[in-house]
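Below is coords-v5.cif, holding mmCIF, C-alpha atoms.
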data_protein
#
loop_
_atom_site.label_atom_id
_atom_site.label_comp_id
_atom_site.auth_asym_id
_atom_site.auth_seq_id
_atom_site.Cartn_x
_atom_site.Cartn_y
_atom_site.Cartn_z
CA MET A 1 7.00 26.17 -102.63
CA LYS A 2 7.96 24.67 -106.00
CA PRO A 3 5.73 22.01 -107.57
CA ARG A 4 6.70 18.43 -106.53
CA SER A 5 8.84 19.74 -103.70
CA ILE A 6 8.87 17.99 -100.35
CA ALA A 7 8.43 19.40 -96.85
CA ILE A 8 8.22 18.00 -93.35
CA VAL A 9 4.81 19.13 -92.06
CA GLY A 10 4.68 17.30 -88.76
CA ALA A 11 7.10 15.48 -86.49
CA ALA A 12 6.60 14.03 -83.04
CA GLU A 13 7.76 11.52 -80.47
CA THR A 14 5.75 9.27 -78.18
CA THR A 15 3.69 11.05 -75.52
CA GLU A 16 5.73 9.50 -72.71
CA MET A 17 9.50 9.07 -72.92
CA GLY A 18 11.90 6.60 -71.35
CA LYS A 19 10.69 3.19 -70.20
CA ILE A 20 7.00 2.76 -71.11
CA PRO A 21 6.03 -0.70 -69.86
CA ASP A 22 2.27 -0.24 -70.35
CA THR A 23 2.43 0.28 -74.12
CA SER A 24 3.05 -2.30 -76.84
CA GLN A 25 5.60 -1.75 -79.60
CA ILE A 26 2.98 -1.11 -82.27
CA GLN A 27 1.14 1.33 -80.00
CA LEU A 28 4.40 3.26 -79.43
CA HIS A 29 4.61 3.67 -83.22
CA ALA A 30 0.98 4.70 -83.40
CA ASP A 31 1.26 7.13 -80.50
CA ALA A 32 4.10 9.05 -82.16
CA ALA A 33 2.30 8.99 -85.52
CA LEU A 34 -0.93 10.30 -83.97
CA ASN A 35 1.05 13.09 -82.28
CA ALA A 36 2.64 14.01 -85.63
CA MET A 37 -0.77 13.97 -87.34
CA ALA A 38 -2.26 16.16 -84.61
CA GLU A 39 0.59 18.65 -84.95
CA CYS A 40 -0.20 19.34 -88.61
CA GLY A 41 -3.94 18.73 -88.58
CA LEU A 42 -3.89 15.67 -90.82
CA GLY A 43 -5.82 12.43 -90.30
CA PRO A 44 -5.25 8.85 -91.45
CA LYS A 45 -7.27 9.42 -94.64
CA ASP A 46 -4.91 12.24 -95.70
CA ILE A 47 -1.83 10.01 -95.65
CA ASP A 48 -0.78 7.87 -98.64
CA GLY A 49 2.40 6.19 -97.49
CA ILE A 50 4.20 4.95 -94.42
CA ALA A 51 7.78 4.18 -93.44
CA CYS A 52 8.83 2.72 -90.13
CA ALA A 53 11.35 0.55 -88.31
CA ALA A 54 10.85 -2.71 -86.39
CA GLU A 55 7.14 -3.06 -87.15
CA TRP A 56 5.92 -4.08 -90.60
CA PRO A 57 4.74 -0.84 -92.24
CA THR A 58 1.66 -2.63 -93.59
CA ASP A 59 0.71 -3.73 -90.06
CA LEU A 60 1.18 -0.20 -88.79
CA ALA A 61 -0.80 1.25 -91.70
CA HIS A 62 -3.73 -1.05 -90.94
CA TYR A 63 -3.49 -0.27 -87.23
CA LEU A 64 -3.56 3.48 -87.92
CA GLY A 65 -6.36 3.27 -90.49
CA ILE A 66 -4.06 4.36 -93.34
CA THR A 67 -4.48 2.87 -96.83
CA PRO A 68 -0.98 3.32 -98.24
CA THR A 69 0.07 3.48 -101.89
CA TRP A 70 3.69 2.93 -100.82
CA VAL A 71 5.46 1.51 -97.78
CA ASP A 72 9.08 1.39 -96.66
CA GLY A 73 10.81 0.16 -93.56
CA THR A 74 13.76 -1.69 -92.14
CA MET A 75 11.89 -4.95 -92.66
CA VAL A 76 10.96 -4.18 -96.29
CA GLY A 77 14.55 -3.67 -97.47
CA MET B 1 -9.81 -28.73 -81.05
CA ALA B 2 -6.47 -29.26 -79.35
CA ILE B 3 -4.41 -26.14 -78.75
CA ASN B 4 -0.68 -25.60 -78.88
CA PRO B 5 0.13 -23.26 -75.97
CA LYS B 6 2.77 -21.58 -78.13
CA THR B 7 0.10 -20.33 -80.54
CA LEU B 8 -2.16 -18.73 -77.92
CA PRO B 9 -2.74 -14.97 -78.08
CA GLN B 10 -0.54 -12.87 -75.83
CA PRO B 11 -2.55 -9.96 -74.41
CA THR B 12 -0.94 -6.52 -74.56
CA PRO B 13 -1.92 -3.46 -72.49
CA GLU B 14 -4.13 -2.36 -75.40
CA THR B 15 -5.85 -5.75 -75.82
CA GLN B 16 -6.10 -6.93 -72.19
CA HIS B 17 -9.71 -5.70 -71.81
CA PHE B 18 -10.75 -7.78 -74.82
CA TRP B 19 -9.34 -10.97 -73.31
CA ASP B 20 -10.82 -10.12 -69.90
CA GLY B 21 -14.14 -9.78 -71.76
CA THR B 22 -13.99 -13.15 -73.48
CA ARG B 23 -13.15 -14.83 -70.15
CA ALA B 24 -16.31 -13.21 -68.75
CA GLY B 25 -18.40 -14.36 -71.73
CA GLN B 26 -18.53 -10.96 -73.40
CA LEU B 27 -17.40 -9.91 -76.87
CA LEU B 28 -16.04 -6.37 -76.52
CA LEU B 29 -15.48 -3.87 -79.32
CA GLN B 30 -14.49 -0.23 -79.24
CA GLN B 31 -16.38 2.83 -80.45
CA CYS B 32 -15.12 6.31 -81.19
CA ASP B 33 -16.70 9.00 -79.00
CA ALA B 34 -16.09 11.60 -81.74
CA CYS B 35 -17.31 9.90 -84.95
CA GLU B 36 -19.10 6.80 -83.53
CA HIS B 37 -17.03 4.44 -85.70
CA ILE B 38 -17.00 0.91 -84.25
CA TYR B 39 -13.78 -1.01 -84.80
CA PHE B 40 -11.73 -4.12 -84.05
CA PRO B 41 -9.02 -5.21 -83.18
CA PRO B 42 -8.55 -3.12 -80.04
CA ARG B 43 -6.41 0.01 -79.99
CA PRO B 44 -6.65 3.18 -77.87
CA PHE B 45 -7.62 5.48 -80.75
CA CYS B 46 -10.06 5.57 -83.65
CA PRO B 47 -8.62 4.23 -86.94
CA ASP B 48 -11.25 6.24 -88.84
CA CYS B 49 -10.67 9.76 -87.47
CA ALA B 50 -7.62 9.32 -85.16
CA SER B 51 -9.50 10.56 -82.06
CA ARG B 52 -8.15 9.19 -78.80
CA ALA B 53 -11.57 9.52 -77.14
CA ILE B 54 -12.94 6.00 -77.39
CA SER B 55 -15.19 3.70 -75.38
CA VAL B 56 -15.42 -0.05 -74.95
CA ILE B 57 -18.82 -1.46 -75.97
CA ARG B 58 -20.30 -4.94 -75.72
CA ALA B 59 -21.12 -6.53 -79.06
CA SER B 60 -24.31 -8.50 -79.64
CA GLY B 61 -22.26 -11.55 -80.61
CA LYS B 62 -24.30 -11.87 -83.80
CA GLY B 63 -22.86 -11.78 -87.29
CA VAL B 64 -22.67 -13.47 -90.66
CA LEU B 65 -20.06 -15.73 -92.22
CA TYR B 66 -18.10 -13.41 -94.50
CA SER B 67 -15.37 -15.77 -95.80
CA TYR B 68 -13.45 -18.89 -94.85
CA VAL B 69 -11.03 -21.61 -95.85
CA ILE B 70 -10.94 -25.18 -94.58
CA ASN B 71 -7.45 -26.09 -93.44
CA HIS B 72 -6.48 -29.67 -94.34
CA ARG B 73 -2.75 -29.12 -93.73
CA LEU B 74 -2.97 -29.97 -90.06
CA PRO B 75 -0.43 -29.32 -87.35
CA LYS B 76 0.30 -32.51 -85.44
CA TRP B 77 -1.80 -31.52 -82.43
CA ILE B 78 -5.01 -31.20 -84.47
CA ASP B 79 -6.86 -34.26 -85.75
CA GLU B 80 -9.57 -32.94 -88.07
CA PRO B 81 -9.73 -30.30 -90.83
CA TYR B 82 -11.05 -27.03 -89.46
CA SER B 83 -12.35 -23.72 -90.76
CA ILE B 84 -10.42 -20.47 -90.58
CA ALA B 85 -13.14 -17.90 -91.04
CA VAL B 86 -13.88 -14.20 -91.15
CA VAL B 87 -17.15 -13.20 -89.50
CA GLU B 88 -18.73 -9.82 -90.14
CA LEU B 89 -20.28 -8.70 -86.87
CA ALA B 90 -23.68 -7.03 -86.70
CA GLU B 91 -21.88 -3.90 -85.42
CA GLY B 92 -19.69 -3.77 -88.56
CA PRO B 93 -16.17 -4.98 -87.79
CA ARG B 94 -14.84 -8.25 -89.20
CA MET B 95 -13.10 -10.79 -86.99
CA MET B 96 -10.94 -13.82 -87.80
CA THR B 97 -12.21 -16.90 -86.00
CA ASN B 98 -13.32 -20.52 -86.38
CA ILE B 99 -16.82 -21.77 -87.15
CA VAL B 100 -17.69 -24.56 -84.71
CA GLU B 101 -20.53 -26.98 -83.88
CA VAL B 102 -21.03 -27.67 -87.60
CA GLU B 103 -19.53 -29.99 -90.23
CA GLN B 104 -16.32 -28.46 -91.59
CA THR B 105 -17.40 -28.76 -95.23
CA PRO B 106 -18.30 -26.27 -97.98
CA GLU B 107 -21.85 -27.69 -97.98
CA ALA B 108 -22.34 -26.84 -94.30
CA LEU B 109 -20.41 -23.58 -94.25
CA VAL B 110 -22.62 -21.29 -96.33
CA LEU B 111 -21.47 -17.73 -96.93
CA ASP B 112 -23.64 -15.04 -95.31
CA MET B 113 -25.24 -17.54 -92.94
CA PRO B 114 -26.10 -16.06 -89.52
CA VAL B 115 -23.67 -17.03 -86.78
CA GLU B 116 -23.37 -16.26 -83.07
CA VAL B 117 -20.42 -16.13 -80.74
CA VAL B 118 -19.46 -18.98 -78.40
CA PHE B 119 -16.57 -18.84 -75.96
CA ASP B 120 -13.88 -21.51 -75.89
CA ALA B 121 -11.72 -21.43 -72.74
CA VAL B 122 -8.50 -22.87 -74.15
CA SER B 123 -6.31 -22.05 -71.14
CA ASP B 124 -6.58 -20.47 -67.70
CA ASN B 125 -5.95 -17.03 -69.19
CA ILE B 126 -7.20 -17.21 -72.76
CA THR B 127 -10.77 -17.71 -73.95
CA LEU B 128 -11.17 -17.59 -77.73
CA PRO B 129 -14.33 -16.20 -79.34
CA LYS B 130 -15.61 -18.65 -81.93
CA PHE B 131 -18.86 -18.71 -83.88
CA ARG B 132 -21.58 -21.29 -84.56
CA PRO B 133 -24.56 -21.24 -86.92
CA VAL B 134 -27.62 -19.60 -85.36
CA GLY B 135 -30.19 -22.27 -84.62
CA GLY B 136 -27.67 -25.07 -85.02
CA ALA B 137 -26.26 -26.71 -88.14
CA GLN B 138 -28.61 -26.74 -91.14
#

What does this structure look like when you write it as structure tokens?
Amino acid sequence: MKPRSIAIVGAAETTEMGKIPDTSQIQLHADAALNAMAECGLGPKDIDGIACAAEWPTDLAHYLGITPTWVDGTMVG
Amino acid sequence: MAINPKTLPQPTPETQHFWDGTRAGQLLLQQCDACEHIYFPPRPFCPDCASRAISVIRASGKGVLYSYVINHRLPKWIDEPYSIAVVELAEGPRMMTNIVEVEQTPEALVLDMPVEVVFDAVSDNITLPKFRPVGGAQ
């Protein structure tokens, strides 16, 4: 891989699909993120940025234990 | 302190146990089974190592006053200035709360002073954990 190139190393959805009435919106975000982290063997301390929709990315970062150096999302603009 | 029902916490599936705990007079935290990290607010995984193997533990209810402000810009349903505080619990996590049973002044609210939890049943469903100085106001 070339220096400074970008790759997708993990991708995942929530554990359950469809209507999930026993899970809050932020936990749905976290569930999918934890699944993606598990897929590639990374943990919250390995991750330096976060982008998301509907939740504030800073809220989600704090919830996941991530200290981001950048954030992006539909509510950031 | 008077409460506006619109500002009460709304329990979610992940936080319901915490609010059940406060109603029963218990301050509940969570601890990671894998790395033993103790954390708050509630969530069904460890924010330190991402393990989903976690347990609910009962906190001692002891802590110290970590930081606060005194709010003088009062909503119309509150009569007196009040503290908005962060308490650092003996188990490690920090919690936003109010300091009660003490004058709401900088002279009385001394940083690092020992505090202990008290439970304020503000509605049928919600009991808020608040903190008071250990041994009463100095």

Figure out the distance between atom CA of His17 of chain B and atom CA of Pro42 of chain B, please, to one decimal in Å.
8.7 Å

Output the contact residues of chain B with respect to chain A at a cut-off of 12 Å, based on all atoms listed in the file, as a compact mmCIF listing (two decimals) with C-alpha atoms, in the coordinates of the input.
# COMPACT_ATOMS: atom_id res chain seq x y z
CA GLN B 10 -0.54 -12.87 -75.83
CA PRO B 11 -2.55 -9.96 -74.41
CA THR B 12 -0.94 -6.52 -74.56
CA PRO B 13 -1.92 -3.46 -72.49
CA GLU B 14 -4.13 -2.36 -75.40
CA THR B 15 -5.85 -5.75 -75.82
CA GLN B 16 -6.10 -6.93 -72.19
CA HIS B 37 -17.03 4.44 -85.70
CA TYR B 39 -13.78 -1.01 -84.80
CA PHE B 40 -11.73 -4.12 -84.05
CA PRO B 41 -9.02 -5.21 -83.18
CA PRO B 42 -8.55 -3.12 -80.04
CA ARG B 43 -6.41 0.01 -79.99
CA PRO B 44 -6.65 3.18 -77.87
CA PHE B 45 -7.62 5.48 -80.75
CA CYS B 46 -10.06 5.57 -83.65
CA PRO B 47 -8.62 4.23 -86.94
CA ASP B 48 -11.25 6.24 -88.84
CA CYS B 49 -10.67 9.76 -87.47
CA ALA B 50 -7.62 9.32 -85.16
CA SER B 51 -9.50 10.56 -82.06
CA ARG B 52 -8.15 9.19 -78.80

Up to 9 Å from (2.4, 4.5, -94.2) in the file's coordinates: name the residues, counting all atoms listed in the file, as a CSV table (one decimal) with C-alpha atoms, in the frame of the given file.
chain,number,residue,atom,x,y,z
A,47,ILE,CA,-1.8,10.0,-95.6
A,48,ASP,CA,-0.8,7.9,-98.6
A,49,GLY,CA,2.4,6.2,-97.5
A,50,ILE,CA,4.2,5.0,-94.4
A,51,ALA,CA,7.8,4.2,-93.4
A,52,CYS,CA,8.8,2.7,-90.1
A,57,PRO,CA,4.7,-0.8,-92.2
A,58,THR,CA,1.7,-2.6,-93.6
A,60,LEU,CA,1.2,-0.2,-88.8
A,61,ALA,CA,-0.8,1.2,-91.7
A,62,HIS,CA,-3.7,-1.0,-90.9
A,64,LEU,CA,-3.6,3.5,-87.9
A,66,ILE,CA,-4.1,4.4,-93.3
A,67,THR,CA,-4.5,2.9,-96.8
A,68,PRO,CA,-1.0,3.3,-98.2
A,69,THR,CA,0.1,3.5,-101.9
A,70,TRP,CA,3.7,2.9,-100.8
A,71,VAL,CA,5.5,1.5,-97.8
A,72,ASP,CA,9.1,1.4,-96.7

If you count all atoms listed in the file, which residues fall within 9 Å of segment 84-88 of chain B, apart from same-chain ones fewer than 5 positions away, as a PDB file with C-alpha atoms, keeping the file's coordinate frame?
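Output file result34.pdb is given in full below:
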ATOM      1  CA  LYS B  62     -24.300 -11.870 -83.800  1.00  0.00           C
ATOM      2  CA  GLY B  63     -22.860 -11.780 -87.290  1.00  0.00           C
ATOM      3  CA  VAL B  64     -22.670 -13.470 -90.660  1.00  0.00           C
ATOM      4  CA  LEU B  65     -20.060 -15.730 -92.220  1.00  0.00           C
ATOM      5  CA  TYR B  66     -18.100 -13.410 -94.500  1.00  0.00           C
ATOM      6  CA  SER B  67     -15.370 -15.770 -95.800  1.00  0.00           C
ATOM      7  CA  TYR B  68     -13.450 -18.890 -94.850  1.00  0.00           C
ATOM      8  CA  VAL B  69     -11.030 -21.610 -95.850  1.00  0.00           C
ATOM      9  CA  ILE B  70     -10.940 -25.180 -94.580  1.00  0.00           C
ATOM     10  CA  ASN B  71      -7.450 -26.090 -93.440  1.00  0.00           C
ATOM     11  CA  PRO B  93     -16.170  -4.980 -87.790  1.00  0.00           C
ATOM     12  CA  ARG B  94     -14.840  -8.250 -89.200  1.00  0.00           C
ATOM     13  CA  MET B  95     -13.100 -10.790 -86.990  1.00  0.00           C
ATOM     14  CA  MET B  96     -10.940 -13.820 -87.800  1.00  0.00           C
ATOM     15  CA  THR B  97     -12.210 -16.900 -86.000  1.00  0.00           C
ATOM     16  CA  ASN B  98     -13.320 -20.520 -86.380  1.00  0.00           C
ATOM     17  CA  ILE B  99     -16.820 -21.770 -87.150  1.00  0.00           C
ATOM     18  CA  ASP B 112     -23.640 -15.040 -95.310  1.00  0.00           C
ATOM     19  CA  VAL B 115     -23.670 -17.030 -86.780  1.00  0.00           C
ATOM     20  CA  PHE B 131     -18.860 -18.710 -83.880  1.00  0.00           C
TER      21      PHE B 131
END

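Taking atom CA of Ala53 of chain B as the reference point, atom CA of Ala53 of chain A is found at 27.0 Å.
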
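Here the question is which of A:Ala11, A:Met1, A:Ile20, A:Met75 gets nearest to Cys40 of chain A using all atoms listed in the file, and that residue is A:Ala11.
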
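Residue nearest Thr7 of chain B within the list B:Glu101, B:Ala90, B:Gly135, B:Trp77: B:Trp77 [criterion: smallest interatomic distance, all atoms listed in the file].
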
Selection result for the PyMOL selection byres ((chain B and resi 58) around 7) on this file, as a PyMOL selection string
chain B and resi 26-29+56-57+59-60

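You can rank A:Glu39, A:His29, A:Trp56, A:Thr74 by their closest distance to Ile8 of chain A using all atoms listed in the file, and at the top of that list sits A:Glu39.
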
Non-local contacts of Asp33 of chain B (7 Å; only C-alpha atoms; under 3 positions in same chain excluded) as an MDAnalysis selection string:
chainID B and resid 36 53:55

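Between atom CA of Ala36 of chain A and atom CA of Phe18 of chain B the separation is 27.8 Å.
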
Output segment 20-32 of chain A with N, CA, C and O atoms present, as an mmCIF file, keeping the file's coordinate frame.
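This went into result-v9.cif:
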data_model
loop_
_atom_site.group_PDB
_atom_site.id
_atom_site.type_symbol
_atom_site.label_atom_id
_atom_site.label_comp_id
_atom_site.auth_asym_id
_atom_site.auth_seq_id
_atom_site.Cartn_x
_atom_site.Cartn_y
_atom_site.Cartn_z
ATOM 1 N N ILE A 20 8.458 2.641 -71.042
ATOM 2 C CA ILE A 20 7.000 2.760 -71.110
ATOM 3 C C ILE A 20 6.434 1.338 -71.081
ATOM 4 O O ILE A 20 6.086 0.771 -72.116
ATOM 5 N N PRO A 21 6.372 0.723 -69.916
ATOM 6 C CA PRO A 21 6.030 -0.700 -69.860
ATOM 7 C C PRO A 21 4.557 -1.006 -70.159
ATOM 8 O O PRO A 21 4.222 -2.161 -70.409
ATOM 9 N N ASP A 22 3.688 0.018 -70.155
ATOM 10 C CA ASP A 22 2.270 -0.240 -70.350
ATOM 11 C C ASP A 22 1.826 -0.006 -71.788
ATOM 12 O O ASP A 22 0.643 0.125 -72.061
ATOM 13 N N THR A 23 2.766 0.024 -72.724
ATOM 14 C CA THR A 23 2.430 0.280 -74.120
ATOM 15 C C THR A 23 3.164 -0.718 -75.012
ATOM 16 O O THR A 23 4.375 -0.909 -74.848
ATOM 17 N N SER A 24 2.432 -1.341 -75.933
ATOM 18 C CA SER A 24 3.050 -2.300 -76.840
ATOM 19 C C SER A 24 3.907 -1.579 -77.882
ATOM 20 O O SER A 24 3.807 -0.361 -78.074
ATOM 21 N N GLN A 25 4.735 -2.357 -78.578
ATOM 22 C CA GLN A 25 5.600 -1.750 -79.600
ATOM 23 C C GLN A 25 4.802 -1.059 -80.686
ATOM 24 O O GLN A 25 5.112 0.072 -81.089
ATOM 25 N N ILE A 26 3.737 -1.716 -81.175
ATOM 26 C CA ILE A 26 2.980 -1.110 -82.270
ATOM 27 C C ILE A 26 2.253 0.147 -81.790
ATOM 28 O O ILE A 26 2.115 1.121 -82.531
ATOM 29 N N GLN A 27 1.822 0.147 -80.521
ATOM 30 C CA GLN A 27 1.140 1.330 -80.000
ATOM 31 C C GLN A 27 2.126 2.485 -79.794
ATOM 32 O O GLN A 27 1.739 3.655 -79.942
ATOM 33 N N LEU A 28 3.393 2.191 -79.488
ATOM 34 C CA LEU A 28 4.400 3.260 -79.430
ATOM 35 C C LEU A 28 4.533 3.930 -80.797
ATOM 36 O O LEU A 28 4.576 5.156 -80.902
ATOM 37 N N HIS A 29 4.581 3.113 -81.866
ATOM 38 C CA HIS A 29 4.610 3.670 -83.220
ATOM 39 C C HIS A 29 3.387 4.543 -83.465
ATOM 40 O O HIS A 29 3.484 5.661 -83.971
ATOM 41 N N ALA A 30 2.218 3.987 -83.122
ATOM 42 C CA ALA A 30 0.980 4.700 -83.400
ATOM 43 C C ALA A 30 0.883 5.987 -82.596
ATOM 44 O O ALA A 30 0.421 7.017 -83.115
ATOM 45 N N ASP A 31 1.324 5.949 -81.357
ATOM 46 C CA ASP A 31 1.260 7.130 -80.500
ATOM 47 C C ASP A 31 2.053 8.284 -81.112
ATOM 48 O O ASP A 31 1.564 9.418 -81.220
ATOM 49 N N ALA A 32 3.281 8.000 -81.545
ATOM 50 C CA ALA A 32 4.100 9.050 -82.160
ATOM 51 C C ALA A 32 3.477 9.536 -83.467
ATOM 52 O O ALA A 32 3.452 10.743 -83.758
#
